[in-house]
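A short write-up of the structure that comes next.
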There are 4 protein chains.
Amino acid sequence: MNGKSILSWQQYEAALDPLTKELSDAARWIQETGQRVVILFEGRDTAGKGGSIDMFARTLNPRQCKVVALSAPSKREQGQWYFQRYTEHFPSKGEITLFDRSWYNRAGVERVMGYCTDDQAEAFLRTTPEFERHLVEDGMLLFKYWLCVDQDKQEQRFANRIDNPRRRWKLSPIDVESRTRYDAYTNAREAMLAATHTEWAPWTLVDFNDQSVGRLTLLRDLLDRLPDTELPPPDIDWPDLTHEPRREKYGVLDPIGNYPVTGG
Amino acid sequence: MNGKSILSWQQYEAALDPLTKELSDAARWIQETGQRVVILFEGRDTAGKGGSIDMFARTLNPRQCKVVALSAPSKREQGQWYFQRYTEHFPSKGEITLFDRSWYNRAGVERVMGYCTDDQAEAFLRTTPEFERHLVEDGMLLFKYWLCVDQDKQEQRFANRIDNPRRRWKLSPIDVESRTRYDAYTNAREAMLAATHTEWAPWTLVDFNDQSVGRLTLLRDLLDRLPDTELPPPDIDWPDLTHEPRREKYGVLDPIGNYPVTGG
Amino acid sequence: MNGKSILSWQQYEAALDPLTKELSDAARWIQETGQRVVILFEGRDTAGKGGSIDMFARTLNPRQCKVVALSAPSKREQGQWYFQRYTEHFPSKGEITLFDRSWYNRAGVERVMGYCTDDQAEAFLRTTPEFERHLVEDGMLLFKYWLCVDQDKQEQRFANRIDNPRRRWKLSPIDVESRTRYDAYTNAREAMLAATHTEWAPWTLVDFNDQSVGRLTLLRDLLDRLPDTELPPPDIDWPDLTHEPRREKYGVLDPIGNYPVTGG
Amino acid sequence: MNGKSILSWQQYEAALDPLTKELSDAARWIQETGQRVVILFEGRDTAGKGGSIDMFARTLNPRQCKVVALSAPSKREQGQWYFQRYTEHFPSKGEITLFDRSWYNRAGVERVMGYCTDDQAEAFLRTTPEFERHLVEDGMLLFKYWLCVDQDKQEQRFANRIDNPRRRWKLSPIDVESRTRYDAYTNAREAMLAATHTEWAPWTLVDFNDQSVGRLTLLRDLLDRLPDTELPPPDIDWPDLTHEPRREKYGVLDPIGNYPVTGG
């Protein structure tokens with residue numbers, strides 16, 4: 001997961017540890033104060049969107065934090081208001097929604113691969129700032145992250161996916177095609193940033209050439225942009241058990257045998 | 001995440017590695033042959049449901065594999081057909097749905113905490129085997145895992161959650177209450193197993209007193225129960241770049257500074 | 001709407017009037033006792049499904065009574081559990097759902113037109129009684145109506161649709177094709193009735209060769225099969241206005257001119 | 001349904017007839033050119049929203065034209081982006097959505113009855129024009145109708161509902177309360193019109209003191225605002241039957257007896 005990071009796994013975990021503690025506090029603040037939080041993860045293939053989302057998902061309550069990774073739109077969805085299939089996943093109060101790619105598909109893959117018309121792409125760039133202002137004025141906490149990766153790193157990661165059967169699902173025919181349109185994607189991204197990096201919904205670019213460092217940077221940035229979220233710890237009344245801990249007994253069927261490992 | 005496992009993190013990762021490779025193959029088989037897969041994770045608080053689901057989610061494509069962790073039903077949902085809010089998340093062909101708790105809530109927490117009537121619980125136990133047979137005959141691959149944990153381990157894990165702010169969200173008031181009804185939960189589970197451990201939709205109990213070992217055991221069991229899922233690797237045509245790898249340049253705004261770490 | 005009925009419009013309205021009063025009472029009983037009601041309308045093209053549903057919809061509160069008329073399934077829906085796209089519209093307590101065609105599509109149009117395999121159609125006939133028993137045991141009030149029309153009447157109504165631009169949307173290419181497969185539909189219907197006319201979820205066939213009479217017959221049947229649903233009328237405290245009735249005044253813009261009619 | 005209209009039922013039907021023909025043409029144009037149409041019906045209680053919607057629903061294909069009549073929001077919905085529960089019902093290409101009350105609830109009942117804060121109502125009035133401009137620029141055909149009724153007419157209709165068991169469901173406790181706040185509703189409506197009657201999404205006020213005339217006026221207005229929607233009639237190849245029309249025969253069960261009517 002870390003690839004060739006400057007950090008060893010242990011170093012990464014040690015650095016991450018205090019940040020996840022803060023993230024837990026933030027999640028509690030979001031819950032108790034009824035915030036609605038949306039975090040978008042965008043970036044080229046292999047940039048590290050999935051791993052960043054896992055970092056959040058591992059720490060947060062899955063009943064509070066939803067991951068939205070939409071497939072290509074159905075024909076009916078293609079005929080709808082463009083934002084519709086995204087808005088139906090928006091959080092309610094106290095919830096966090098992580099978008100693994102988002103409405104910005106229209107400014108990137110759809111535009112470059114010709115899945116939308118130029119007019120549609122232009123209209124998207126023109127109206128999105130207003131759409132997002134509407135959401136932000138409505139109280140949504142909206143964070144937009146672009147994960148940055150240079151092409152040599154990307155090539156290394158693609159090679160790793162080709163060689164590694166576990167990661168090969170991450171290589172789609174669109175990825176293959178996208179690679180040959182690298183410059184078109186660059187232009188599309190710059191146009192997107194120029195049009196949609198606004199005062200009320202700014203983009204944050206994070207260097208993910210080292211994914212471990214990138215994740216720490218992203219999380220630190222997010223935490224710094226939330227208000228002081230520390231709350232007094234909840235009082236939990238936790239009496240001692242009044243009996244010896246039970247040992248489980250199963251009458252209908254038994255646990256299967258453990259996987260044979262040797263540890264220690 | 002591992003608690004006091006017999007396995008070190010490195011040993012766990014080393015043991016997991018070949019299994020995730022097989023899981024990747026299985027996922028590809030599920031996709032290409034259009035299977036619909038549902039995996040239920042049930043068990044007492046702290047048993048290790050979330051960590052098991054993360055094991056899958058880390059390896060699988062989020063566009064193929066969805067995690068469903070429902071909150072308490074709304075008033076409108078309470079008035080619906082009981083299974084309705086679960087069935088709407090069922091997979092389409094090629095998809096995998098992981099249920100972090102499931103319709104079996106009615107046989108466990110709802111029954112023990114009095115959120116349903118005894119009649120409703122009885123009706124649930126009577127009709128669920130038939131409901132599941134219907135699904136299985138319709139072609140669904142349904143796996144039902146019960147994660148086993150003894151009370152002394154559970155107490156240790158609760159203590160760890162109380163002490164660890166990052167995990168304290170995992171302690172809900174219902175958990176506190178559930179702990180005092182340990183034996184009632186035992187009885188409810190046994191009644192559930194007696195009624196719903198069927199030929200067509202059997203339960204599998206997995207010992208999660210050591211969570212790392214439990215996860216390996218569960219995954220090995222799942223893989224063994226799928227047919228031979230190996231497919232020839234997909235041909236990917238991957239020509240060399242025709243130019244030097246590009247170095248990203250950002251015109252609108254720059255990446256923020258990296259998180260200050262020292263590695264190596 | 002009445003075609004060549006034995007009844008004039010006035011006669012029909014006069015006959016319908018006391019039935020709609022009973023229907024209103026029934027709706028209130030459904031609401032106050034928290035029933036969940038599903039009514040299926042099936043039958044050949046032109047039989048009168050839409051008009052029957054309008055009869056209900058005109059009388060009932062649209063917040064209580066929903067009409068479900070699904071279009072052809074999307075590709076993703078085709079890959080799901082067959083009943084899934086229907087179950088998500090099931091009523092909550094106090095609600096009535098009217099299905100304009102239903103899951104029985106599989107036993108009719110899908111089978112005859114080859115949109116499903118024979119195996120799928122057979123499996124549908126085998127499992128549907130059990131599925132419906134499950135729903136009925138769960139408390140759903142399920143009514144299944146087949147609207148009967150002879151072919152000469154159907155031909156007249158088709159002719160009327162061809163001639164009448166207002167009704168031509170009711171003629172789809174599938175209708176044209178279905179007409180040439182009249183006997184195959186007959187066989188499919190008989191197989192469907194043989195397999196799914198059960199004690200717990202019986203079919204009711206209603207003669208719709210005269211649509212006005214058919215609607216009255218259907219509604220009378222439904223009302224007779226509900227328990228005594230009369231409830232004491234709700235007390236409504238309705239004080240006199242304390243001022244002259246206001247006359248509306250509009251400051252921002254005025255009503256548009258009325259459509260020029262001459263009445264009286 | 002007509003109350004004390006200047007028009008008899010026959011006169012109304014005769015006047016409506018050519019308009020529904022035009023509406024059918026328009027629906028076909030909407031379908032074939034892939035328009036997305038939203039029509040809002042707003043107005044005081046008893047104004048005639050339901051009857052107007054029925055006028056559309058009776059003529060249009062229920063697979064093309066959906067009626068959306070939302071109940072009070074659930075707690076989870078209350079925590080969402082305000083427009084979310086409305087946008088999820090927006091039409092896809094070729095579809096028409098009729099809103100029986102709409103997002104304007106916030107400017108009316110929610111504001112007057114105190115279901116939202118003044119700040120929320122103000123924010124709604126400020127942001128809705130922009131939201132609607134966004135929709136209109138995205139290609140949605142948006143029609144906003146306010147149905148006008150004077151208080152003396154409203155009082156007559158309320159009295160009719162109290163006396164008529166069939167209509168008594170139309171009288172909710174909120175109606176009773178709303179009646180005593182007539183002037184507050186007037187002020188709220190004027191503020192709403194002042195803020196949201198825009199060039200791109202204008203309101204149309206229609207006099208519904210005579211509901212039959214009101215419906216004709218509304219439909220005429222709508223048709224006049226659509227472009228020339230006439231399309232050449234579709235060619236339908238309709239060969240003669242090659243056999244005598246079949247007479248239905250039922251082997252499993254027979255139609256029930258007809259409702260005893262005497263006509264002619």
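As shown in the structure tokens, the chain order sets the letters A, B, ...; within each chain, residues go from 1, and ligands are also counted from 1 in the order they appear.
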Listing only residues of chain C within 9 Å of chain B, what is the closest atom pair and its distance in Å (to one decimal) for each, using only C-alpha atoms, sorted by chain and residue number ascending, as CSV?
```
residue,atom,partner,partner_atom,distance
C:Gly34,CA,B:Gly79,CA,8.0
C:Arg36,CA,B:Gln80,CA,7.9
C:Arg76,CA,B:Ser92,CA,6.2
C:Glu77,CA,B:Ser92,CA,6.9
C:Gln78,CA,B:Ser92,CA,7.8
C:Gly79,CA,B:Lys93,CA,4.7
C:Gln80,CA,B:Ser92,CA,4.2
C:Trp81,CA,B:Asp138,CA,7.1
C:Tyr82,CA,B:Asp138,CA,8.2
C:Gln84,CA,B:Glu88,CA,6.5
C:Arg85,CA,B:Glu88,CA,8.0
C:Thr87,CA,B:Gln84,CA,6.6
C:Glu88,CA,B:Glu88,CA,6.2
C:Phe90,CA,B:Gln80,CA,7.2
C:Pro91,CA,B:Gln80,CA,6.3
C:Ser92,CA,B:Gln80,CA,4.2
C:Lys93,CA,B:Gly79,CA,4.7
C:Gly94,CA,B:Gly79,CA,8.3
C:Gln120,CA,B:Asp138,CA,8.9
C:Ala123,CA,B:Asp138,CA,7.9
C:Thr127,CA,B:His134,CA,6.8
C:Glu130,CA,B:Glu130,CA,7.9
C:Phe131,CA,B:Phe131,CA,7.5
C:His134,CA,B:Thr127,CA,6.8
C:Leu135,CA,B:Trp81,CA,7.6
C:Glu137,CA,B:Ala123,CA,8.4
C:Asp138,CA,B:Trp81,CA,7.1
C:Gly139,CA,B:Trp81,CA,8.5
C:Met140,CA,B:Trp81,CA,8.0
```
Enumerate, as a ChimeraX atom specification, the complete set of residues in stretch 113-230 of chain B that a backbone-based DSSP assignment places in helix (DSSP H, G or I).
/B:118-137,151-163,165-170,173-179,182-196,211-225
Residue contacts of stretch 55-65 of chain C (9 Å, only C-alpha atoms) excluding same-chain residues fewer than 2 positions away, as a ChimeraX atom specification
/C:20-21,23-24,27,31,50-53,67,91,94-98,215,219 /D:50-51,54,67-71,100,166-167,169-170
Since chain D and chain C share a sequence, can you fit the second onto the first over all C-alpha atoms in order and output it as a compact mmCIF listing (two decimals) with C-alpha atoms, in the first residue's frame?
```
# COMPACT_ATOMS: atom_id res chain seq x y z
CA MET C 1 -65.19 17.81 -8.52
CA ASN C 2 -66.48 20.92 -10.25
CA GLY C 3 -68.20 22.50 -7.30
CA LYS C 4 -70.37 25.36 -8.43
CA SER C 5 -68.74 25.96 -11.76
CA ILE C 6 -70.09 28.17 -14.45
CA LEU C 7 -69.61 25.08 -16.61
CA SER C 8 -71.65 21.93 -16.54
CA TRP C 9 -69.70 18.69 -16.63
CA GLN C 10 -70.51 18.27 -20.30
CA GLN C 11 -69.43 21.78 -21.12
CA TYR C 12 -66.21 21.27 -19.21
CA GLU C 13 -65.47 18.01 -20.97
CA ALA C 14 -66.22 19.56 -24.33
CA ALA C 15 -63.87 22.45 -23.63
CA LEU C 16 -61.19 20.19 -22.25
CA ASP C 17 -61.26 17.78 -25.18
CA PRO C 18 -59.18 19.75 -27.68
CA LEU C 19 -56.72 20.73 -24.97
CA THR C 20 -56.04 17.16 -23.96
CA LYS C 21 -55.40 16.37 -27.60
CA GLU C 22 -52.75 19.09 -27.59
CA LEU C 23 -51.39 17.79 -24.32
CA SER C 24 -51.00 14.37 -25.88
CA ASP C 25 -49.06 15.88 -28.72
CA ALA C 26 -46.91 17.78 -26.27
CA ALA C 27 -46.21 14.62 -24.32
CA ARG C 28 -45.06 12.90 -27.47
CA TRP C 29 -42.84 15.85 -28.30
CA ILE C 30 -41.39 15.76 -24.79
CA GLN C 31 -40.63 12.09 -25.23
CA GLU C 32 -39.18 12.24 -28.69
CA THR C 33 -37.07 15.32 -28.11
CA GLY C 34 -35.95 14.20 -24.66
CA GLN C 35 -37.24 17.16 -22.65
CA ARG C 36 -37.30 17.14 -18.88
CA VAL C 37 -40.43 18.82 -17.54
CA VAL C 38 -41.28 19.82 -13.98
CA ILE C 39 -44.63 21.37 -13.10
CA LEU C 40 -45.21 22.68 -9.58
CA PHE C 41 -48.69 23.09 -8.17
CA GLU C 42 -48.91 25.42 -5.20
CA GLY C 43 -51.75 27.27 -3.56
CA ARG C 44 -53.83 27.43 -0.43
CA ASP C 45 -55.75 24.42 0.82
CA THR C 46 -58.76 23.63 -1.39
CA ALA C 47 -57.39 25.68 -4.28
CA GLY C 48 -57.55 22.71 -6.63
CA LYS C 49 -54.05 21.25 -6.87
CA GLY C 50 -55.15 17.63 -6.74
CA GLY C 51 -57.82 18.03 -9.40
CA SER C 52 -55.40 19.80 -11.71
CA ILE C 53 -52.89 17.02 -11.34
CA ASP C 54 -55.61 14.45 -12.06
CA MET C 55 -56.38 16.30 -15.29
CA PHE C 56 -52.81 15.63 -16.41
CA ALA C 57 -52.53 12.14 -15.00
CA ARG C 58 -55.71 10.98 -16.73
CA THR C 59 -54.33 11.89 -20.12
CA LEU C 60 -50.70 10.99 -19.80
CA ASN C 61 -48.85 7.71 -19.72
CA PRO C 62 -48.07 6.87 -16.09
CA ARG C 63 -44.68 5.60 -17.24
CA GLN C 64 -43.89 9.07 -18.55
CA CYS C 65 -45.64 11.27 -16.01
CA LYS C 66 -45.00 10.88 -12.28
CA VAL C 67 -46.89 12.56 -9.46
CA VAL C 68 -44.80 13.48 -6.43
CA ALA C 69 -46.73 14.22 -3.24
CA LEU C 70 -44.28 13.98 -0.39
CA SER C 71 -45.26 13.49 3.21
CA ALA C 72 -43.64 15.37 6.07
CA PRO C 73 -39.89 14.78 6.09
CA SER C 74 -38.38 12.08 8.29
CA LYS C 75 -35.85 13.09 10.87
CA ARG C 76 -33.02 12.02 8.61
CA GLU C 77 -34.47 14.01 5.72
CA GLN C 78 -34.75 17.04 7.97
CA GLY C 79 -31.01 16.90 8.42
CA GLN C 80 -30.25 16.76 4.70
CA TRP C 81 -29.70 19.45 2.11
CA TYR C 82 -33.14 20.98 1.90
CA PHE C 83 -33.75 20.26 -1.78
CA GLN C 84 -32.49 16.68 -1.62
CA ARG C 85 -35.76 14.87 -1.14
CA TYR C 86 -37.21 16.77 -4.09
CA THR C 87 -34.30 16.44 -6.50
CA GLU C 88 -34.33 12.68 -6.25
CA HIS C 89 -37.68 12.71 -8.03
CA PHE C 90 -36.55 14.94 -10.89
CA PRO C 91 -37.41 13.65 -14.36
CA SER C 92 -35.04 12.00 -16.75
CA LYS C 93 -35.20 12.83 -20.44
CA GLY C 94 -38.66 12.45 -21.89
CA GLU C 95 -40.35 12.52 -18.50
CA ILE C 96 -42.77 14.86 -16.74
CA THR C 97 -42.87 15.29 -12.97
CA LEU C 98 -45.88 16.90 -11.31
CA PHE C 99 -45.19 18.20 -7.82
CA ASP C 100 -48.24 18.40 -5.55
CA ARG C 101 -46.64 20.99 -3.32
CA SER C 102 -42.91 21.32 -3.70
CA TRP C 103 -39.78 22.85 -2.24
CA TYR C 104 -41.88 25.98 -1.76
CA ASN C 105 -43.23 24.36 1.40
CA ARG C 106 -40.41 26.16 3.15
CA ALA C 107 -41.73 29.55 2.05
CA GLY C 108 -45.28 28.66 3.05
CA VAL C 109 -46.38 26.10 5.57
CA GLU C 110 -42.96 25.63 7.15
CA ARG C 111 -42.51 29.34 7.65
CA VAL C 112 -46.01 30.12 8.85
CA MET C 113 -46.32 27.12 11.13
CA GLY C 114 -42.82 27.52 12.51
CA TYR C 115 -41.42 24.24 11.14
CA CYS C 116 -38.32 26.09 10.02
CA THR C 117 -36.49 29.05 11.48
CA ASP C 118 -36.78 32.55 10.02
CA ASP C 119 -33.18 32.26 8.95
CA GLN C 120 -33.94 29.10 7.03
CA ALA C 121 -36.90 30.73 5.34
CA GLU C 122 -34.83 33.77 4.40
CA ALA C 123 -32.02 31.59 3.09
CA PHE C 124 -34.54 29.64 1.05
CA LEU C 125 -35.89 32.78 -0.60
CA ARG C 126 -32.38 34.00 -1.32
CA THR C 127 -31.03 30.80 -2.82
CA THR C 128 -34.02 29.36 -4.64
CA PRO C 129 -33.82 31.68 -7.66
CA GLU C 130 -30.24 30.60 -8.17
CA PHE C 131 -31.09 26.95 -7.69
CA GLU C 132 -33.85 27.22 -10.26
CA ARG C 133 -31.65 29.13 -12.68
CA HIS C 134 -29.20 26.28 -12.42
CA LEU C 135 -31.93 23.80 -13.32
CA VAL C 136 -33.27 25.88 -16.17
CA GLU C 137 -29.81 26.45 -17.64
CA ASP C 138 -29.36 22.70 -17.41
CA GLY C 139 -32.32 22.39 -19.77
CA MET C 140 -35.20 21.68 -17.43
CA LEU C 141 -38.58 23.05 -18.47
CA LEU C 142 -39.88 24.38 -15.18
CA PHE C 143 -43.44 25.63 -14.69
CA LYS C 144 -44.59 27.10 -11.39
CA TYR C 145 -48.33 27.54 -10.89
CA TRP C 146 -50.01 29.25 -8.00
CA LEU C 147 -53.72 28.43 -7.81
CA CYS C 148 -55.72 31.40 -6.51
CA VAL C 149 -58.80 31.11 -4.34
CA ASP C 150 -60.62 33.71 -2.28
CA GLN C 151 -61.47 32.95 1.28
CA ASP C 152 -65.21 32.77 0.83
CA LYS C 153 -64.75 30.06 -1.79
CA GLN C 154 -62.26 28.32 0.45
CA GLU C 155 -64.75 28.37 3.32
CA GLN C 156 -67.38 26.81 1.08
CA ARG C 157 -65.01 24.07 0.08
CA PHE C 158 -63.95 23.40 3.64
CA ALA C 159 -67.61 23.12 4.58
CA ASN C 160 -68.09 20.67 1.74
CA ARG C 161 -65.22 18.56 3.03
CA ILE C 162 -66.58 18.49 6.54
CA ASP C 163 -69.96 17.36 5.27
CA ASN C 164 -68.62 14.90 2.73
CA PRO C 165 -67.02 11.81 4.23
CA ARG C 166 -65.31 11.12 0.92
CA ARG C 167 -63.38 14.32 1.13
CA ARG C 168 -62.77 14.50 4.79
CA TRP C 169 -59.25 13.10 4.47
CA LYS C 170 -58.48 16.36 2.76
CA LEU C 171 -58.98 18.13 6.08
CA SER C 172 -55.91 17.75 8.23
CA PRO C 173 -55.24 19.34 11.61
CA ILE C 174 -52.79 21.57 9.80
CA ASP C 175 -55.60 22.84 7.60
CA VAL C 176 -57.60 23.77 10.64
CA GLU C 177 -54.67 25.65 12.04
CA SER C 178 -53.76 27.21 8.70
CA ARG C 179 -57.22 28.73 8.43
CA THR C 180 -56.62 30.84 11.50
CA ARG C 181 -53.39 32.11 9.99
CA TYR C 182 -54.85 33.23 6.70
CA ASP C 183 -53.13 36.60 6.72
CA ALA C 184 -49.76 35.16 7.66
CA TYR C 185 -50.05 32.88 4.64
CA THR C 186 -50.89 35.88 2.49
CA ASN C 187 -47.77 37.67 3.65
CA ALA C 188 -45.65 34.60 3.17
CA ARG C 189 -46.96 34.17 -0.36
CA GLU C 190 -46.25 37.75 -1.29
CA ALA C 191 -42.71 37.50 0.06
CA MET C 192 -42.27 34.30 -1.88
CA LEU C 193 -43.49 35.81 -5.12
CA ALA C 194 -41.36 38.90 -4.63
CA ALA C 195 -38.24 36.79 -4.15
CA THR C 196 -38.77 33.95 -6.60
CA HIS C 197 -40.74 35.33 -9.55
CA THR C 198 -37.78 35.47 -11.90
CA GLU C 199 -37.23 35.91 -15.57
CA TRP C 200 -35.98 32.34 -15.93
CA ALA C 201 -38.51 30.72 -13.60
CA PRO C 202 -41.59 32.91 -13.41
CA TRP C 203 -44.66 32.16 -11.38
CA THR C 204 -48.03 31.96 -13.05
CA LEU C 205 -51.09 32.78 -10.96
CA VAL C 206 -54.31 31.18 -12.10
CA ASP C 207 -57.74 32.03 -10.76
CA PHE C 208 -59.24 28.87 -9.30
CA ASN C 209 -62.35 30.38 -7.77
CA ASP C 210 -64.03 28.32 -10.47
CA GLN C 211 -61.98 25.13 -10.54
CA SER C 212 -63.14 23.94 -13.95
CA VAL C 213 -62.28 27.22 -15.54
CA GLY C 214 -59.04 27.32 -13.59
CA ARG C 215 -57.95 23.95 -14.92
CA LEU C 216 -58.69 24.94 -18.50
CA THR C 217 -56.81 28.20 -18.01
CA LEU C 218 -53.80 26.50 -16.53
CA LEU C 219 -53.59 23.87 -19.24
CA ARG C 220 -54.03 26.43 -22.02
CA ASP C 221 -51.23 28.52 -20.50
CA LEU C 222 -48.90 25.56 -20.30
CA LEU C 223 -49.55 24.54 -23.87
CA ASP C 224 -49.02 28.09 -25.11
CA ARG C 225 -45.63 28.20 -23.45
CA LEU C 226 -44.33 25.04 -25.06
CA PRO C 227 -42.87 25.36 -28.53
CA ASP C 228 -44.80 24.03 -31.49
CA THR C 229 -44.97 20.44 -30.44
CA GLU C 230 -46.86 18.88 -33.28
CA LEU C 231 -45.10 15.93 -34.80
CA PRO C 232 -46.26 13.86 -37.73
CA PRO C 233 -48.37 11.00 -36.39
CA PRO C 234 -46.40 7.80 -35.90
CA ASP C 235 -46.89 5.17 -38.54
CA ILE C 236 -48.47 2.13 -37.03
CA ASP C 237 -48.68 -0.98 -39.12
CA TRP C 238 -51.88 -2.63 -38.05
CA PRO C 239 -52.73 -5.71 -40.07
CA ASP C 240 -56.11 -7.38 -39.85
CA LEU C 241 -56.43 -10.34 -37.58
CA THR C 242 -56.02 -13.58 -39.49
CA HIS C 243 -58.71 -15.29 -37.49
CA GLU C 244 -61.96 -14.56 -35.73
CA PRO C 245 -61.45 -12.60 -32.53
CA ARG C 246 -60.92 -15.07 -29.72
CA ARG C 247 -63.39 -15.35 -26.93
CA GLU C 248 -61.62 -15.66 -23.61
CA LYS C 249 -61.86 -18.96 -21.80
CA TYR C 250 -60.65 -19.43 -18.28
CA GLY C 251 -59.63 -22.86 -17.05
CA VAL C 252 -58.35 -22.19 -13.56
CA LEU C 253 -60.97 -19.84 -12.23
CA ASP C 254 -63.75 -17.74 -13.67
CA PRO C 255 -64.49 -14.04 -13.52
CA ILE C 256 -66.62 -13.04 -10.57
CA GLY C 257 -70.18 -11.89 -11.15
CA ASN C 258 -70.70 -8.35 -12.36
CA TYR C 259 -71.85 -5.60 -10.09
CA PRO C 260 -75.62 -5.42 -10.52
CA VAL C 261 -76.33 -2.27 -12.48
CA THR C 262 -79.09 -1.25 -14.74
CA GLY C 263 -78.15 1.05 -17.52
CA GLY C 264 -79.40 2.32 -20.80
```
If you run DSSP on the backbone, which residues of stretch 39-116 of chain C are strand (DSSP E or B), as an MDAnalysis selection string?
chainID C and resid 39:43 65:68 96:100
